[in-house]
Amino acid sequence: MTPTGLEPARMNRKKGDKGFESPRPYKLTHQVVCINNINFQRKSVVGFVELTVFPTVANLNRIKLSSKQCRIYRVRINDLEAAFIYNDPTLEVCHNESKQRNLNYFSNAYAAAVSAVDPDAGNGELCIKVPSELWKHVDELKVLKIHINFSLDQPKGGLHFVVPSVEGSMAERGAHVFSCGYQNSTRFWFPCVDSYSELCTWKLEFTVDAAMVAVSNGDLVETVYTHDMRKKTFHYMLTIPTAASNISLAIGPFEILVDPYMHEVTHFCLPQLLPLLKHTTSYLHEVFEFYEEILTCRYPYSCFKTVFIDEAYVEVAAYASMSIFSTNLLHSAMIIDETPLTRRCLAQSLAQQFFGCFISRMSWSDEWVLKGISGYIYGLWMKKTFGVNEYRHWIKEELDKIVAYELKTGGVLLHPIFGGGKEKDNPASHLHFSIKHPHTLSWEYYTMFQCKAHLVMRLIENRISMEFMLQVFNKLLSLASTASSQKFQSHMWSQMLVSTSGFLKSISNVSGKDIQPLIKQWVDQSGVVKFYGSFAFNRKRNVLELEIKQDYTSPGTQKYVGPLKVTVQELDGSFNHTLQIEENSLKHDIPCHSKSRRNKKKKIPLMNGEEVDMDLSAMDADSPLLWIRIDPDMSVLRKVEFEQADFMWQYQLRYERDVVAQQESILALEKFPTPASRLALTDILEQEQCFYRVRMSACFCLAKIANSMVSTWTGPPAMKSLFTRMFCCKTCPNIVKTNNFMSFQSYFLQKTMPVAMALLRDVHNLCPKEVLTFILDLIKYNDNRKNKFSDNYYRAEMIDALANSVTPAVSVNNEVRTLDNLNPDVRLILEEITRFLNMEKLLPSYRHTITVSCLRAIRVLQKNGHVPSDPALFKSYAEYGHFVDIRIAALEAVVDYTKVDRSYEELQWLLNMIQNDPVPYVRHKILNMLTKNPPFTKNMESPLCNEALVDQLWKLMNSGTSHDWRLRCGAVDLYFTLFGLSRPSCLPLPELGLVLNLKEKKAVLNPTIIPEAIAGNQETAINPSSHAQLVGFQNPFSSSQDEEEIDMDTVHDSQAFISHHLNMLERPSTPGLSKYRPASSRSALIPQHSPGCDGTPATKPPWSMELARKGTGKEQSPLEMSILHPVATTPLSVFSKESTSSKHSDHHHHHHHEHKKKKKKHKHKHKHKHKHDSKEKDKEAFTFSSPASGRSIRSPSLSD
Amino acid sequence: MADTTATAGAGSSGTRSGGKQSTNPADNYHLARRRTLQVVVSSLLTEAGFESAEKASVETLTEMLQSYISEIGRSAKSYCEHTARTQPTLSDIVVTLVEMGFNVDTLPAYAKRSQRMVITAPPVTNQPVTPKALIAGQNRPHPPHIPSHFPEFPDPHTYIKTPTYREPVSDYQVLREKAASQRRDVERALTRFMAKTGETQSLFKDDVSTFPLIAARPFTIPYLTALLPSELEMQQMEETDSSEQDEQTDTENLPLHISTDDSGAEKENTSVLQQNPSLPGSRNGEENIIDNPYLRPVKKPKIRRKKLILKQVFNSVNVN
């Protein structure tokens, strides 16, 4: 056992520790990136990097760096050639020959592959050996300069080239390139330490065509022509220590706009868009002012750049001192709807400049702090800019989203802790992916994670007050800026990294409050609270008896214990009560204050001090209660289902001033289709002081109520007279006024009302003719000539309204849809859609909103059987070259067609597009839409579900998407939706019985299959505690010797390759280490045994339990099961076997290496040897599975 | 001899154009002048000792003489106008001749030469009269600040407008109806035309003409059409900007919510959304002193050749 350069013990950092301990045996202080050739035609990049590194241990002999996709030509350390090995296990997660097709197996293997190269754990794809001439130098801990020449050819991720195929030079064509990716993805375009925790200063040089501009991080020091004057070199310096993951680049023929308010801010956009850029960014300085004011801290970088590019990976990407936006956020002064959205994007990116770019994180499990703070201050900006109503509405929306997601999928954990490699406490056992790495996360989960993070920050604010909250932020920032100015004390730079513990410590220092319970509840634990409330009024005691129940057994829920605010509006005023929630179901008695008689005609005071007259005739004569609200401030992440009488909801809607309460009551009133509800909603609609979003949702609620009341409804269709009164001419009520969108509130209402009205249905469940005519008239008389604003969104919504009015066609025994039997109403609709869609070709609308709506409407017509179902039209609109919104709308229609018509051809077409489309966002979106609207699901019989499809998808996630984390995770999501966690049911039983599927549940009863099933069970890797890649050949009883052999060299091919080479490279051990190393690796091995590895051989118990579970139908995933089993259910035999093998392990260790070398030829005939082999695998398994535990990855195999 | 030829030529041309005489007095005038010139040329030729000349050469010489005299006139007029006069004086002519390289001093001697021939004055022909245009009304006299030699005002009917007051269309409904259906017809006709002339797609396989959809064609740079406002919109925006939502033209179009007294927070919210079109006025002046690295001029490469060459060699190695 020769020691390796990596110190396993060093990596064993504890989260609670104050300081930051680098997982690397060196400290990076400065990095030069020089890209001296960018070829747009060939989409290639040539350059070099130079890393200045100080060893922190004496015997540093190998340096691991992150690099993906790059072709490395040459590595030199202090001008001496250095040997290197480049290996990326994530390229192909499981090898092809393997017959494994279950997702559990894949997810484990994928997580292992990611952690094997995880820079946060000190790993990397590129391993460089320090030349022996430098060992002495290293032992004196002197500086090393690592110079790497690399090139990139047609990168599939990390850098995205946009090269329009028109005539002219690249600059004339508007060709550009920019860096992109999800989380730390910088390694895709240059070798670096791609971790958010390794900070250094930067020198960046880009030589580009003279007509192009290269925008990157830091200050542009100078721009110099090359000798032939045909190119320019942009020299950037970034003196603030920054993580490689926050480095970015955008090159293109950009138009440059210096911000008129702040000259250090520069905006860039593609040619011809300068007027839009001017308008769009004219607001940015206010965001700057706001953040600087609340944080009492200047913007940390000396300059800021915004770049708007096409084919963006995400709408907003923040990097050190620059942000990259989608060009589609640009808009002119005529556009209403996009304006607030774009401003929100700008504000979001700026918030991330402070927290995310300037302040970085120590590890992945601290990510929530950064996302939380940036999301929280962004929320404060929203509150200031759009007002409290909008802010509260947004919070409510976000809360609803996270609650819905957690209840659906079973919880989002903000601060995952992975202690000691014991995966039995795997915090995410309910998920089909690992949450140990950002790169294994489902995109949706990550979105929800960010959402939850900022909501939790708001909870902390509720607890410690905003003032303290801002003080904490200020403290973090000032610490960081002090550290950043320490140019030569790189050890100080870790102050710029935030950690959960550091953050919590500053909170307790600043506020003096203990927020530990809060953190424990929402951060260290996943799940939300589900309350059910009901009440009774006890007249005798004048007491409100409130019953609050909780559901904490469903997935995604947790039990809440603590204070809960309840607000009761009585006749005498509004009163807050704080209840202590202690048990599950508990009655709370709340004394009522009101004694007044309500015939006194007194005004009723509200929460905000206002006093209003109310018509109290609807009330229960005996009760003084007007309405009750549970947790009105949303200070718990919860879902509340509260029961109160319809009149109470109506009072709440009319008189409660909080928009969230109004929204809740609108939702509740859907269940009370009465004239009183109708009146309350109509009143709200008419009330101009009411928040426009509340009025908009009142429209939809009114439509639902009207449909429920259809038999008793009197008067014209709901909202028609209202709309006429508000928006139509006085003299001719059937004609709408010419458009004037100066008042945005009424604009939004005017847009929404027809859409809601189109949902009305008559007794025959058809849209009333009157409504359709009304909408058609709106379209006909629409006149925007005198309007200052564009009406494209308005017209688009009118088409949506037309689509909403469509009801299923009455079809006589499946006749073919032709023009002749077209419904006359549909003919009118189709006429409009045709005209709109054609006009779009001549006079396109902003972002083609109208085309998008038309495509959706056509799909609705197809789906309802009015028009023959045909994807050809959508496929032509989905092609590359259309505007992205159109493509997505068209693709959505194709996805829907695939599902409804079960078309294998279209599914193949979509899959093909996922693999080949030039735009990463579109690829991602198709997967996303397929997951949301799957052609079939795991429990469904479908002709589409066949072996070829399984193979295809497997290939896609296994190797086809290695260049894009987000895409790969999307493919995993889709696979999960289609086939579930276990082996897809459409696959035939493999010859050697490797299956765990639903059918087998029966098959298991057949004694002839049982042994095989057991063998197979291992392969299904229901035990995540062991390393999934290895499970297949750990079974000593396995009859499938051949299978084993294959697995052995396929799965571990890359590993074996590396270890083999590293061993050859290995430097003779330095005395200190050699003593230390075997001990440490052994010690790592033995204790882990019981918790980490013993699970695998114990196949029987989990299997039987699995069956039992299936039989009883208990809601527990196989993952959870297996997590439990090592402790609870491991039979004795396992222990004994394990102990033997561990005994063996020591003295068989050395010949193991021989086995490895000639493993292919050597047949293990002896059971003994065989066991040994499995033992070896166990070790590797362990080391792979627990990178966060801080022990050396692969150390055992390396140290052979 | 020369004389006869010349006169004969002149005569023939005269008779030829005689037919037109009645129709075009202006032509007639020019012909007479030309004939005189021909006579002059002929006599000069005789004076110089020629006995005969071909018609073509006489014509050429006539042409040259005519251009020469015209040039003297044109130049003289320029000189006179240059000195702010309207009538050329002798000195103008002299300067002109000098300018044209003519030795003026020889002129008196030449005029007094003995063998010169005297030519009879050309028959008096009437200056062509410009046909009188229809005069409607009295031309306006020049106001005092306009010198009298300036051209007169045109006829009043060319600039006078008579405002007519029509009854404002009271039937708003009819107007809107008309505008709407007109627009719809135009749009339909246009799109149908486009659809007929280009590729189409159809929702129904059996019938491609009832609802023809113009085929979707990908763009090379899709975001440009999607983001930039169309020309129509730009035009519209300019119009609305100038008229600032002219309320009077459309009485029905009064803003719905004029009351601005209450609804505090909400109102404020939206006002933030309202566009802020006025950039600081002094911007152009400031632009010069902005120090932004992207505005700085690009530097020339340094002369440290060796290093650069090395670098280039290195690059090429990389590329290879």
# chains A, B, ... in the order shown; residues from 1 in each chain; ligands from 1
>>> residues_around(residues="His588 (chain A)", least_positions_apart="5", cutoff="9 Å", atoms="only C-alpha atoms", output="list in words")
Leu544, Glu545, Leu546, Glu547, Ile548, Leu579 and Gln580 of chain A
>>> write_last_selection(atoms="C-alpha atoms", output="PDB file, in the first residue's frame")
ATOM      1  CA  LEU A 544     -64.443  30.082  19.971  1.00  0.00           C
ATOM      2  CA  GLU A 545     -63.482  26.418  20.012  1.00  0.00           C
ATOM      3  CA  LEU A 546     -60.903  25.959  17.346  1.00  0.00           C
ATOM      4  CA  GLU A 547     -59.701  22.553  16.333  1.00  0.00           C
ATOM      5  CA  ILE A 548     -56.461  22.272  14.466  1.00  0.00           C
ATOM      6  CA  LEU A 579     -51.755  29.285  20.048  1.00  0.00           C
ATOM      7  CA  GLN A 580     -49.221  26.723  21.097  1.00  0.00           C
TER       8      GLN A 580
END
>>> closest_residue(among="A:Phe20, A:Phe354, A:Phe234, A:Phe40", to="chain B", atoms="only C-alpha atoms")
A:Phe234
>>> residues_around(residues="Pro212 (chain B)", least_positions_apart="2", cutoff="7 Å", atoms="only C-alpha atoms", output="list in words")
Ala195, Thr200, Gln201, Ser202, Val208, Ser209, Thr210 and Ile214 of chain B
>>> residues_around(residues="Pro88 (chain B)", least_positions_apart="4", cutoff="10 Å", atoms="only C-alpha atoms", output="PyMOL selection string")
chain B and resi 73+75-81+83+92-93
>>> write_last_selection(atoms="N, CA, C and O atoms", output="PDB file, in the first residue's frame")
ATOM      1  N   GLY B  73     -22.626  85.164 -72.955  1.00  0.00           N
ATOM      2  CA  GLY B  73     -23.825  85.667 -72.278  1.00  0.00           C
ATOM      3  C   GLY B  73     -23.978  85.050 -70.893  1.00  0.00           C
ATOM      4  O   GLY B  73     -24.214  85.745 -69.907  1.00  0.00           O
ATOM      5  N   SER B  75     -21.715  83.638 -68.967  1.00  0.00           N
ATOM      6  CA  SER B  75     -20.667  84.080 -68.052  1.00  0.00           C
ATOM      7  C   SER B  75     -20.904  85.511 -67.607  1.00  0.00           C
ATOM      8  O   SER B  75     -20.780  85.830 -66.418  1.00  0.00           O
ATOM      9  N   ALA B  76     -21.247  86.346 -68.570  1.00  0.00           N
ATOM     10  CA  ALA B  76     -21.463  87.747 -68.233  1.00  0.00           C
ATOM     11  C   ALA B  76     -22.576  87.867 -67.205  1.00  0.00           C
ATOM     12  O   ALA B  76     -22.482  88.630 -66.237  1.00  0.00           O
ATOM     13  N   LYS B  77     -23.596  87.068 -67.389  1.00  0.00           N
ATOM     14  CA  LYS B  77     -24.713  87.123 -66.436  1.00  0.00           C
ATOM     15  C   LYS B  77     -24.234  86.702 -65.045  1.00  0.00           C
ATOM     16  O   LYS B  77     -24.559  87.312 -64.039  1.00  0.00           O
ATOM     17  N   SER B  78     -23.408  85.673 -65.033  1.00  0.00           N
ATOM     18  CA  SER B  78     -22.888  85.233 -63.737  1.00  0.00           C
ATOM     19  C   SER B  78     -22.105  86.350 -63.067  1.00  0.00           C
ATOM     20  O   SER B  78     -22.261  86.591 -61.865  1.00  0.00           O
ATOM     21  N   TYR B  79     -21.232  86.990 -63.856  1.00  0.00           N
ATOM     22  CA  TYR B  79     -20.436  88.071 -63.251  1.00  0.00           C
ATOM     23  C   TYR B  79     -21.327  89.167 -62.721  1.00  0.00           C
ATOM     24  O   TYR B  79     -21.112  89.687 -61.638  1.00  0.00           O
ATOM     25  N   CYS B  80     -22.343  89.455 -63.478  1.00  0.00           N
ATOM     26  CA  CYS B  80     -23.206  90.537 -63.047  1.00  0.00           C
ATOM     27  C   CYS B  80     -23.937  90.153 -61.770  1.00  0.00           C
ATOM     28  O   CYS B  80     -24.014  90.920 -60.829  1.00  0.00           O
ATOM     29  N   GLU B  81     -24.413  88.927 -61.727  1.00  0.00           N
ATOM     30  CA  GLU B  81     -25.119  88.501 -60.508  1.00  0.00           C
ATOM     31  C   GLU B  81     -24.172  88.407 -59.335  1.00  0.00           C
ATOM     32  O   GLU B  81     -24.544  88.618 -58.193  1.00  0.00           O
ATOM     33  N   THR B  83     -21.930  90.403 -58.654  1.00  0.00           N
ATOM     34  CA  THR B  83     -21.810  91.712 -58.032  1.00  0.00           C
ATOM     35  C   THR B  83     -23.177  92.259 -57.655  1.00  0.00           C
ATOM     36  O   THR B  83     -23.368  93.463 -57.519  1.00  0.00           O
ATOM     37  N   ASP B  92     -18.699  93.629 -67.390  1.00  0.00           N
ATOM     38  CA  ASP B  92     -18.969  92.194 -67.213  1.00  0.00           C
ATOM     39  C   ASP B  92     -18.556  91.438 -68.462  1.00  0.00           C
ATOM     40  O   ASP B  92     -17.910  90.381 -68.395  1.00  0.00           O
ATOM     41  N   ILE B  93     -18.927  92.001 -69.592  1.00  0.00           N
ATOM     42  CA  ILE B  93     -18.609  91.346 -70.842  1.00  0.00           C
ATOM     43  C   ILE B  93     -17.096  91.287 -71.015  1.00  0.00           C
ATOM     44  O   ILE B  93     -16.544  90.234 -71.404  1.00  0.00           O
TER      45      ILE B  93
END
>>> residues_around(residues="Trp649 (chain A)", least_positions_apart="4", cutoff="7 Å", atoms="only C-alpha atoms", output="ChimeraX atom specification")
/A:627,645,653,665,669
>>> write_last_selection(atoms="all heavy atoms", output="mmCIF file, in the first residue's frame")
data_model
loop_
_atom_site.group_PDB
_atom_site.id
_atom_site.type_symbol
_atom_site.label_atom_id
_atom_site.label_comp_id
_atom_site.auth_asym_id
_atom_site.auth_seq_id
_atom_site.Cartn_x
_atom_site.Cartn_y
_atom_site.Cartn_z
ATOM 1 N N TRP A 627 -64.850 36.306 10.434
ATOM 2 C CA TRP A 627 -64.023 35.291 9.790
ATOM 3 C C TRP A 627 -62.812 34.981 10.650
ATOM 4 O O TRP A 627 -62.466 35.743 11.560
ATOM 5 C CB TRP A 627 -63.597 35.717 8.387
ATOM 6 C CG TRP A 627 -62.689 36.913 8.311
ATOM 7 C CD1 TRP A 627 -61.348 36.926 8.482
ATOM 8 C CD2 TRP A 627 -63.062 38.264 8.049
ATOM 9 N NE1 TRP A 627 -60.863 38.191 8.341
ATOM 10 C CE2 TRP A 627 -61.897 39.036 8.065
ATOM 11 C CE3 TRP A 627 -64.293 38.900 7.802
ATOM 12 C CZ2 TRP A 627 -61.903 40.418 7.851
ATOM 13 C CZ3 TRP A 627 -64.286 40.266 7.576
ATOM 14 C CH2 TRP A 627 -63.101 41.017 7.595
ATOM 15 N N ALA A 645 -68.035 28.925 7.363
ATOM 16 C CA ALA A 645 -69.260 29.028 6.581
ATOM 17 C C ALA A 645 -69.051 29.933 5.376
ATOM 18 O O ALA A 645 -68.152 30.770 5.357
ATOM 19 C CB ALA A 645 -70.370 29.584 7.466
ATOM 20 N N LEU A 653 -63.614 37.918 1.923
ATOM 21 C CA LEU A 653 -63.269 38.419 0.591
ATOM 22 C C LEU A 653 -63.542 39.915 0.477
ATOM 23 O O LEU A 653 -62.736 40.681 -0.035
ATOM 24 C CB LEU A 653 -64.065 37.653 -0.463
ATOM 25 C CG LEU A 653 -63.907 38.147 -1.907
ATOM 26 C CD1 LEU A 653 -62.466 38.075 -2.352
ATOM 27 C CD2 LEU A 653 -64.765 37.324 -2.853
ATOM 28 N N SER A 665 -59.986 33.220 0.181
ATOM 29 C CA SER A 665 -61.436 33.141 0.217
ATOM 30 C C SER A 665 -62.000 32.892 -1.177
ATOM 31 O O SER A 665 -62.994 32.186 -1.315
ATOM 32 C CB SER A 665 -62.026 34.405 0.836
ATOM 33 O OG SER A 665 -61.518 35.534 0.190
ATOM 34 N N LEU A 669 -64.494 29.915 -1.997
ATOM 35 C CA LEU A 669 -65.848 30.183 -2.476
ATOM 36 C C LEU A 669 -66.243 29.323 -3.675
ATOM 37 O O LEU A 669 -67.425 29.181 -3.974
ATOM 38 C CB LEU A 669 -65.993 31.665 -2.842
ATOM 39 C CG LEU A 669 -66.209 32.605 -1.657
ATOM 40 C CD1 LEU A 669 -66.285 34.031 -2.121
ATOM 41 C CD2 LEU A 669 -67.471 32.222 -0.893
#
>>> select_by_dssp(residues="region 543-659 of chain A", states="strand (DSSP E or B)", output="PyMOL selection string")
chain A and resi 543-550+557+562-570+573-581+586-591+604-605+611-612+625-630+638-642
>>> write_last_selection(atoms="N, CA and C atoms", output="short mmCIF file (atom, residue, chain, number, x, y, z; two decimals), in the first residue's frame")
data_model
loop_
_atom_site.label_atom_id
_atom_site.label_comp_id
_atom_site.auth_asym_id
_atom_site.auth_seq_id
_atom_site.Cartn_x
_atom_site.Cartn_y
_atom_site.Cartn_z
N VAL A 543 -67.04 31.65 23.64
CA VAL A 543 -65.69 31.15 23.34
C VAL A 543 -65.69 30.49 21.96
N LEU A 544 -64.62 30.72 21.27
CA LEU A 544 -64.44 30.08 19.97
C LEU A 544 -63.63 28.82 20.20
N GLU A 545 -64.20 27.69 19.84
CA GLU A 545 -63.48 26.42 20.01
C GLU A 545 -62.88 26.03 18.67
N LEU A 546 -61.59 26.18 18.62
CA LEU A 546 -60.90 25.96 17.35
C LEU A 546 -60.20 24.62 17.40
N GLU A 547 -60.39 23.84 16.37
CA GLU A 547 -59.70 22.55 16.33
C GLU A 547 -58.70 22.56 15.19
N ILE A 548 -57.48 22.29 15.52
CA ILE A 548 -56.46 22.27 14.47
C ILE A 548 -55.80 20.91 14.44
N LYS A 549 -55.97 20.23 13.34
CA LYS A 549 -55.36 18.90 13.18
C LYS A 549 -54.17 19.02 12.24
N GLN A 550 -53.32 18.04 12.36
CA GLN A 550 -52.18 18.01 11.45
C GLN A 550 -52.07 16.65 10.81
N THR A 557 -44.65 15.59 4.53
CA THR A 557 -45.16 16.39 5.64
C THR A 557 -44.27 16.23 6.86
N GLY A 562 -45.17 24.31 18.09
CA GLY A 562 -44.73 25.67 18.36
C GLY A 562 -45.88 26.64 18.24
N PRO A 563 -45.54 27.90 18.21
CA PRO A 563 -46.60 28.90 18.19
C PRO A 563 -47.27 28.99 16.82
N LEU A 564 -48.52 29.30 16.85
CA LEU A 564 -49.27 29.49 15.61
C LEU A 564 -50.22 30.65 15.80
N LYS A 565 -50.15 31.59 14.89
CA LYS A 565 -50.99 32.77 15.03
C LYS A 565 -52.34 32.53 14.38
N VAL A 566 -53.37 32.95 15.08
CA VAL A 566 -54.72 32.87 14.54
C VAL A 566 -55.35 34.25 14.67
N THR A 567 -55.93 34.71 13.59
CA THR A 567 -56.57 36.03 13.64
C THR A 567 -58.08 35.84 13.53
N VAL A 568 -58.78 36.45 14.47
CA VAL A 568 -60.23 36.33 14.48
C VAL A 568 -60.83 37.71 14.27
N GLN A 569 -61.62 37.83 13.25
CA GLN A 569 -62.33 39.10 13.04
C GLN A 569 -63.70 38.98 13.69
N GLU A 570 -63.91 39.83 14.68
CA GLU A 570 -65.20 39.83 15.34
C GLU A 570 -65.90 41.13 15.04
N GLY A 573 -63.93 44.02 16.33
CA GLY A 573 -62.58 44.27 15.82
C GLY A 573 -61.85 42.98 15.54
N SER A 574 -60.62 43.14 15.16
CA SER A 574 -59.82 42.00 14.78
C SER A 574 -58.85 41.68 15.91
N PHE A 575 -58.72 40.41 16.25
CA PHE A 575 -57.87 40.05 17.38
C PHE A 575 -56.91 38.93 16.99
N ASN A 576 -55.66 39.11 17.37
CA ASN A 576 -54.66 38.07 17.12
C ASN A 576 -54.51 37.19 18.34
N HIS A 577 -54.42 35.92 18.11
CA HIS A 577 -54.17 34.98 19.21
C HIS A 577 -53.01 34.11 18.80
N THR A 578 -52.13 33.84 19.74
CA THR A 578 -51.04 32.92 19.44
C THR A 578 -51.29 31.62 20.19
N LEU A 579 -51.49 30.58 19.44
CA LEU A 579 -51.76 29.29 20.05
C LEU A 579 -50.46 28.49 20.09
N GLN A 580 -50.36 27.63 21.05
CA GLN A 580 -49.22 26.72 21.10
C GLN A 580 -49.67 25.38 20.54
N ILE A 581 -49.10 25.00 19.46
CA ILE A 581 -49.45 23.71 18.88
C ILE A 581 -48.55 22.67 19.54
N LEU A 586 -55.81 19.09 18.49
CA LEU A 586 -55.97 19.80 19.75
C LEU A 586 -57.01 20.88 19.60
N LYS A 587 -57.85 20.96 20.61
CA LYS A 587 -58.84 22.03 20.60
C LYS A 587 -58.27 23.22 21.35
N HIS A 588 -58.49 24.36 20.79
CA HIS A 588 -58.03 25.58 21.44
C HIS A 588 -59.25 26.44 21.71
N ASP A 589 -59.34 26.90 22.92
CA ASP A 589 -60.46 27.79 23.26
C ASP A 589 -59.97 29.23 23.17
N ILE A 590 -60.66 29.98 22.38
CA ILE A 590 -60.28 31.38 22.23
C ILE A 590 -61.45 32.23 22.69
N PRO A 591 -61.23 33.01 23.72
CA PRO A 591 -62.33 33.85 24.21
C PRO A 591 -62.67 34.94 23.20
N ILE A 604 -67.47 48.61 11.85
CA ILE A 604 -66.67 47.50 12.37
C ILE A 604 -65.19 47.76 12.09
N PRO A 605 -64.39 47.79 13.15
CA PRO A 605 -62.96 48.06 12.94
C PRO A 605 -62.25 46.84 12.35
N GLU A 611 -62.31 51.48 9.60
CA GLU A 611 -63.63 51.10 10.13
C GLU A 611 -64.61 51.09 8.98
N VAL A 612 -65.33 50.01 8.85
CA VAL A 612 -66.21 49.91 7.69
C VAL A 612 -67.63 49.54 8.10
N LEU A 625 -68.64 36.17 15.18
CA LEU A 625 -67.45 35.91 14.36
C LEU A 625 -67.71 36.26 12.90
N LEU A 626 -66.84 37.05 12.36
CA LEU A 626 -66.97 37.38 10.93
C LEU A 626 -66.12 36.44 10.09
N TRP A 627 -64.85 36.31 10.43
CA TRP A 627 -64.02 35.29 9.79
C TRP A 627 -62.81 34.98 10.65
N ILE A 628 -62.20 33.87 10.35
CA ILE A 628 -61.04 33.41 11.13
C ILE A 628 -59.94 33.05 10.15
N ARG A 629 -58.71 33.43 10.51
CA ARG A 629 -57.60 33.05 9.65
C ARG A 629 -56.52 32.36 10.47
N ILE A 630 -56.00 31.28 9.93
CA ILE A 630 -54.93 30.56 10.60
C ILE A 630 -53.61 30.92 9.93
N ARG A 638 -46.65 25.87 5.25
CA ARG A 638 -47.81 25.03 5.52
C ARG A 638 -48.85 25.13 4.43
N LYS A 639 -49.75 24.16 4.54
CA LYS A 639 -50.98 24.22 3.76
C LYS A 639 -52.09 24.19 4.79
N VAL A 640 -53.02 25.11 4.67
CA VAL A 640 -54.11 25.15 5.64
C VAL A 640 -55.40 24.84 4.92
N GLU A 641 -56.11 23.86 5.44
CA GLU A 641 -57.46 23.65 4.95
C GLU A 641 -58.39 23.99 6.09
N PHE A 642 -59.09 25.09 5.94
CA PHE A 642 -59.89 25.58 7.05
C PHE A 642 -61.34 25.59 6.64
#
